[in-house]
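**Q** Provided herewith is a single structure, encoded as structure tokens, for subsequent inquiry.
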Amino acid sequence: MSAAAPHAAARAALREVARWKPAEYAFWAATAASWFLLPGQHLLLNEIAIFALFALSLDLVLGFGGIVSLGHAAYFGFGGYAAGMLAQAGYTDPLLGLAAAALASAALGFVTSFLVLRGSDLTRIMVTLSVSLVLFELANRLTWLTGGADGLQGITIGPLLGRFDFDLAGHVAYAYSLVVLFVLFLAARRIVHSPFGWTVRAVRGNALRAAAIGLAVDLRLVGIYTMAALYAGIAGALLAQSTQFVSLDMLAFHRSADLLLMLVIGGVGYLYGGMIGALVFKAMQNWVADITPEYWQFWIGLLLVLLVVIGRERIFAGSLVLARRAFGRRG
Amino acid sequence: MAAVLTNLFDGIAYGMLLFVLACGLSVTLGLMNLINLAHGSFAMVAGYAAAVLVNRYGVPFLAALPLAFLVGAVLGAVMERTLYVHVYRKSHLDQVLFTIGIVFMSMATVAYVAGSAQVFIHLPGFLKARYVVGGVSMGAYRLLIIAVCGVLALGLQFILARTRFGSRLRAAVDDPVVARGLGIPVDSIFTIAFAAGSGLAGLGGALGAEVLGLDPGFPLKFMVYFLIVVTVGGSSSITGPFVAALLLGVADVAGKYYVPDLGAFVIYTVMLVMLLWRPAGLFTRAGGR
């Protein structure tokens, strides 16, 4: 028996996992159909698509990298401000803004990723939290640059591809966000099924053993963290461009907390969790906000507590297992 | 010079307050490895309770302080036995989600019951006096804070260092598994420590209402401060958090006075640097966890 046989078997198994499942086709077909079938809801749907991208970004860090982050809004807001300032300076092409936000956030993510390489969960939580707090304070204080508490005013965004103007009903914005989400999802899907993606999972499983079999642990974490920051920056830029406004709120703590909730609602570590979670979260927010707009926070809190006390797996047991099986995550 | 000393005095009062508020957190973190972001919620609820007692029912301010302790402690004990017990064995992610949930619920509840405006406790007249000693202006209220918190710190140090409960608690913090093996009732020690810590937070919330500002945003606003005290101070002694709280208080007051433009920026940056430089805290013993 040659050494190639188990190797080939492993290859085949990995390829099997990476294969597109029917549910995935259905998911994206439904997503595309929503643009045609729900034209009246495009503003809300656009927001959902943006948060889906943001949650996808956190899933890369938490679900694949195993880093508990309580400050992911830092990269979201950074990207938003980058895109907003670029537009303010007169460079109004949306794709240019997107690229600039991606670069800016990825650079910030790369630099700050070295801060989360070591340490316990608590240290990482506090480091990510303080990075976002420092950014929040900077944005709050540097009023000449960011507008402080008033936010960035007077952003105008040019037509998409030089042809499609952003409209008030959000038709163009939603199509734009959806395409960006889909493209970035494809990239993320490709990456998590690549050797890099599998070694990142190995690091999450046990960093010590991963290092012992010769993986460059730090490199994996820096890579996945930077990539997630890039995704978050693009999500922030999308929000900034489609609302034509950037405020401190984009960097606020509750963004990071809401994001965690979205991700755990949908389930961590199979890429679709964040997107499903964003949809459920926003739908719920819309529904509860109709009843008690001021005390919406209470119900989020209650949901968080119940999720943990009863057990995430138990609440969504059926649906989560089904979803994971359908979207192809094992275990 | 006098202004510097006055700032120093205010900073010390602020720091001691932070110590009383946060010391319970260092026990929960050290003992059960529990990330409790909701510690400030206990302080807030007890602070509001004290405000209602003083403002509406005319309870003297000084008598309201032990009542605030009681409110915090009872609330802490009930929450610990009913809810927190479920999350000790869960992942840190679950603990973070759970305690953020508690924070959100407490904030919304307080806003619903008491409104979202800042609440003030009516201080008795003798606390509004100011004394000037050698050019240093000292408010009676802050003197009271320093006195109460100083006595509490000494009392805590005595309990931890000299009593049977204290030595069991220290043993449990150092190694809960071995402590349990030796027959130390780690669970009930933890409940007591949790309740006492929440009670102290409640007392701090009532005592410091004027300095800290009581509003529904309290738990989030001070979450970071408490975490700084705990991570910088470590959880293996009471001296660590105490020194950390004093440094934080003095730095924060001085920062707000001398470089108001930077705001909380200085504190967050210092915390970031501290975390990277000494992730286990400034004052951890060698060999301790």
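Letters A, B, ... go to the chains of the structure tokens in the order shown; residues in each chain start at 1; ligands are counted from 1 in the same order.
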Near chain A, which residues of chain B fall within 9 Å when you count only C-alpha atoms, and what do they look like as a PyMOL selection string?
**A** chain B and resi 35+83-84+86-87+90+92-109+111-112+220+224+227-228+231+261-269+271-272+275-276+279-280
**Q** Write out as JSON, numbers by chain the residues lying within 12 Å of Leu96 in chain A, counting only C-alpha atoms and excluding same-chain residues fewer than 2 positions away.
**A** {"A": [82, 83, 84, 85, 86, 87, 90, 91, 92, 93, 94, 98, 99, 100, 101, 102, 103, 157, 158, 159, 160, 161, 162, 234, 237, 238, 241]}
**Q** Let me see the file: selected residues, N, CA, C and O atoms, as a short mmCIF file (atom, residue, chain, number, x, y, z; two decimals), in the first residue's frame.
**A**
data_model
loop_
_atom_site.label_atom_id
_atom_site.label_comp_id
_atom_site.auth_asym_id
_atom_site.auth_seq_id
_atom_site.Cartn_x
_atom_site.Cartn_y
_atom_site.Cartn_z
N ALA A 82 -13.46 55.79 6.00
CA ALA A 82 -12.56 55.90 4.85
C ALA A 82 -13.35 56.21 3.59
O ALA A 82 -13.02 57.14 2.84
N ALA A 83 -14.42 55.44 3.39
CA ALA A 83 -15.23 55.65 2.18
C ALA A 83 -15.90 57.03 2.21
O ALA A 83 -15.94 57.74 1.20
N GLY A 84 -16.39 57.41 3.40
CA GLY A 84 -17.06 58.69 3.53
C GLY A 84 -16.13 59.86 3.26
O GLY A 84 -16.47 60.80 2.54
N MET A 85 -14.91 59.80 3.83
CA MET A 85 -13.97 60.90 3.64
C MET A 85 -13.53 61.01 2.20
O MET A 85 -13.34 62.11 1.67
N LEU A 86 -13.34 59.86 1.56
CA LEU A 86 -12.95 59.88 0.16
C LEU A 86 -14.02 60.57 -0.68
O LEU A 86 -13.71 61.39 -1.55
N ALA A 87 -15.29 60.24 -0.38
CA ALA A 87 -16.38 60.85 -1.13
C ALA A 87 -16.44 62.34 -0.85
O ALA A 87 -16.70 63.15 -1.74
N GLY A 90 -14.24 64.45 -2.84
CA GLY A 90 -14.56 64.65 -4.24
C GLY A 90 -14.40 63.40 -5.10
O GLY A 90 -14.75 63.42 -6.27
N TYR A 91 -13.85 62.35 -4.54
CA TYR A 91 -13.73 61.11 -5.30
C TYR A 91 -14.99 60.29 -5.06
O TYR A 91 -15.07 59.52 -4.11
N THR A 92 -15.99 60.47 -5.89
CA THR A 92 -17.32 59.96 -5.54
C THR A 92 -17.62 58.60 -6.15
O THR A 92 -18.71 58.07 -5.95
N ASP A 93 -16.69 58.02 -6.88
CA ASP A 93 -16.98 56.72 -7.47
C ASP A 93 -17.13 55.66 -6.36
O ASP A 93 -16.24 55.49 -5.54
N PRO A 94 -18.28 54.97 -6.32
CA PRO A 94 -18.51 54.03 -5.22
C PRO A 94 -17.49 52.89 -5.16
O PRO A 94 -17.05 52.50 -4.07
N LEU A 98 -15.06 51.78 -2.16
CA LEU A 98 -15.04 50.42 -1.62
C LEU A 98 -13.61 49.89 -1.52
O LEU A 98 -13.20 49.32 -0.51
N ALA A 99 -12.86 50.11 -2.59
CA ALA A 99 -11.48 49.63 -2.62
C ALA A 99 -10.66 50.33 -1.55
O ALA A 99 -9.86 49.70 -0.83
N ALA A 100 -10.87 51.65 -1.42
CA ALA A 100 -10.10 52.41 -0.42
C ALA A 100 -10.44 51.92 0.98
O ALA A 100 -9.55 51.72 1.82
N ALA A 101 -11.75 51.70 1.24
CA ALA A 101 -12.16 51.23 2.57
C ALA A 101 -11.58 49.86 2.84
O ALA A 101 -11.11 49.58 3.95
N ALA A 102 -11.58 49.00 1.81
CA ALA A 102 -11.04 47.65 1.99
C ALA A 102 -9.57 47.72 2.37
O ALA A 102 -9.12 47.06 3.31
N LEU A 103 -8.82 48.55 1.64
CA LEU A 103 -7.39 48.68 1.91
C LEU A 103 -7.15 49.25 3.30
O LEU A 103 -6.32 48.73 4.06
N ILE A 157 -22.39 60.49 -3.34
CA ILE A 157 -21.83 59.32 -4.00
C ILE A 157 -22.24 59.37 -5.46
O ILE A 157 -23.41 59.57 -5.78
N GLY A 158 -21.27 59.19 -6.32
CA GLY A 158 -21.54 59.23 -7.75
C GLY A 158 -22.29 57.98 -8.20
O GLY A 158 -22.51 57.06 -7.43
N PRO A 159 -22.69 57.97 -9.47
CA PRO A 159 -23.41 56.80 -9.98
C PRO A 159 -22.51 55.56 -10.02
O PRO A 159 -21.31 55.67 -10.25
N LEU A 160 -23.14 54.42 -9.81
CA LEU A 160 -22.42 53.16 -9.82
C LEU A 160 -22.00 52.83 -11.25
O LEU A 160 -22.81 52.91 -12.18
N LEU A 161 -20.77 52.47 -11.45
CA LEU A 161 -20.21 52.18 -12.77
C LEU A 161 -20.42 53.34 -13.74
O LEU A 161 -20.48 53.16 -14.95
N GLY A 162 -20.58 54.54 -13.16
CA GLY A 162 -20.79 55.72 -13.99
C GLY A 162 -22.16 55.77 -14.65
O GLY A 162 -22.41 56.61 -15.49
N ILE A 234 -15.32 46.74 4.02
CA ILE A 234 -16.18 46.86 2.84
C ILE A 234 -17.65 46.99 3.28
O ILE A 234 -18.40 47.79 2.71
N ALA A 237 -18.17 50.46 4.35
CA ALA A 237 -18.21 51.37 3.20
C ALA A 237 -19.56 51.28 2.50
O ALA A 237 -20.13 52.29 2.08
N LEU A 238 -20.09 50.06 2.38
CA LEU A 238 -21.40 49.89 1.74
C LEU A 238 -22.47 50.67 2.50
O LEU A 238 -23.31 51.35 1.90
N GLN A 241 -21.95 54.41 1.98
CA GLN A 241 -22.33 54.87 0.65
C GLN A 241 -23.84 54.83 0.44
O GLN A 241 -24.42 55.73 -0.17
#
**Q** Compile the contact shell of range 159-173 of chain B as a PyMOL selection string: residues with an atom at most 12 Å away, counting only C-alpha atoms, same-chain residues fewer than 3 positions apart removed.
**A** chain B and resi 26-34+152-156+176-194+234-239+288-289
**Q** Measuring atom to atom with only C-alpha atoms, identify which of B:Val132, B:Val71, B:Ala251, B:Leu65 is nearest to Val45 in chain B.
**A**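 That would be B:Val71, the residue with the smallest distance to Val45 in chain B.
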**Q** Which of these, B:Arg142, B:Lys256, B:Lys221, B:Arg56, has the shortest distance to Met44 in chain B once you count only C-alpha atoms?
**A**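 Among the listed residues, the smallest separation from Met44 in chain B belongs to B:Lys221.
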**Q** From range 41-103 of chain A, collect each residue whose DSSP state is helix (DSSP H, G or I) and return the set as a ChimeraX atom specification.
**A** /A:41-64,73-88,94-103
**Q** Near range 243-247 of chain B, counting only C-alpha atoms, which residues have an atom at most 8 Å away, once you skip same-chain residues fewer than 3 positions from it, shown as a list in words?
**A** Gly11, Ile12, Tyr14, Gly15, Met16, Leu18, Phe19, Ile228, Val229, Val230, Val232, Gly233, Thr239, Gly240, Val250 and Ala251 of chain B
**Q** Between A:Leu251, A:Gly269, A:His7, A:Ala23, single out the one closest to Gly148 in chain A, counting only C-alpha atoms.
**A**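 Answer, going by the shortest atom-to-atom distance: A:Leu251.
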**Q** For CA of Leu271 in chain A and CA of Val180 in chain A, determine how far apart the two atoms are, in Å to one decimal place.
**A** 15.4 Å
**Q** Which one of A:Gly63, A:Gly71, A:Gly151, A:Gly109 sits closest to Arg204 in chain A if you count only C-alpha atoms?
**A**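 When distances to Arg204 in chain A are compared using only C-alpha atoms, the smallest one comes from A:Gly63.
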**Q** Can you tell me how far CA of Tyr174 in chain A sits from CA of Asn46 in chain A, in Å to one decimal?
**A**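 These atoms are spaced 4.5 Å apart.
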**Q** What is the distance between CA of Ser137 in chain B and CA of Asn7 in chain B, in Å to one decimal?
**A**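 Going from CA of Ser137 in chain B over to CA of Asn7 in chain B, I get 9.2 Å.
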**Q** Using only C-alpha atoms, find the one residue out of A:Leu95, A:Arg255, A:Ala107, A:His193 that sits nearest to Arg19 in chain A.
**A** A:His193
**Q** Identify which of the residues B:Tyr257, B:Leu248, B:Thr82, B:Gly139 lies closest to Ala3 in chain B, counting only C-alpha atoms when measuring atom-to-atom distances.
**A**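 That would be B:Tyr257, the residue with the smallest distance to Ala3 in chain B.
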**Q** Select from range 131-311 of chain A everything DSSP, run on the backbone, classes as strand (DSSP E or B), then give the selection as a list in words.
**A** Leu152, Leu160, Phe164 and Val246 of chain A
**Q** Which neighbours of Gly223 in chain A fall inside 9 Å, counting only C-alpha atoms, when residues of the same chain fewer than 3 positions from it are skipped, and could you give them as number ranges by chain?
**A** A: 110, 113, 200, 218-220, 226-228
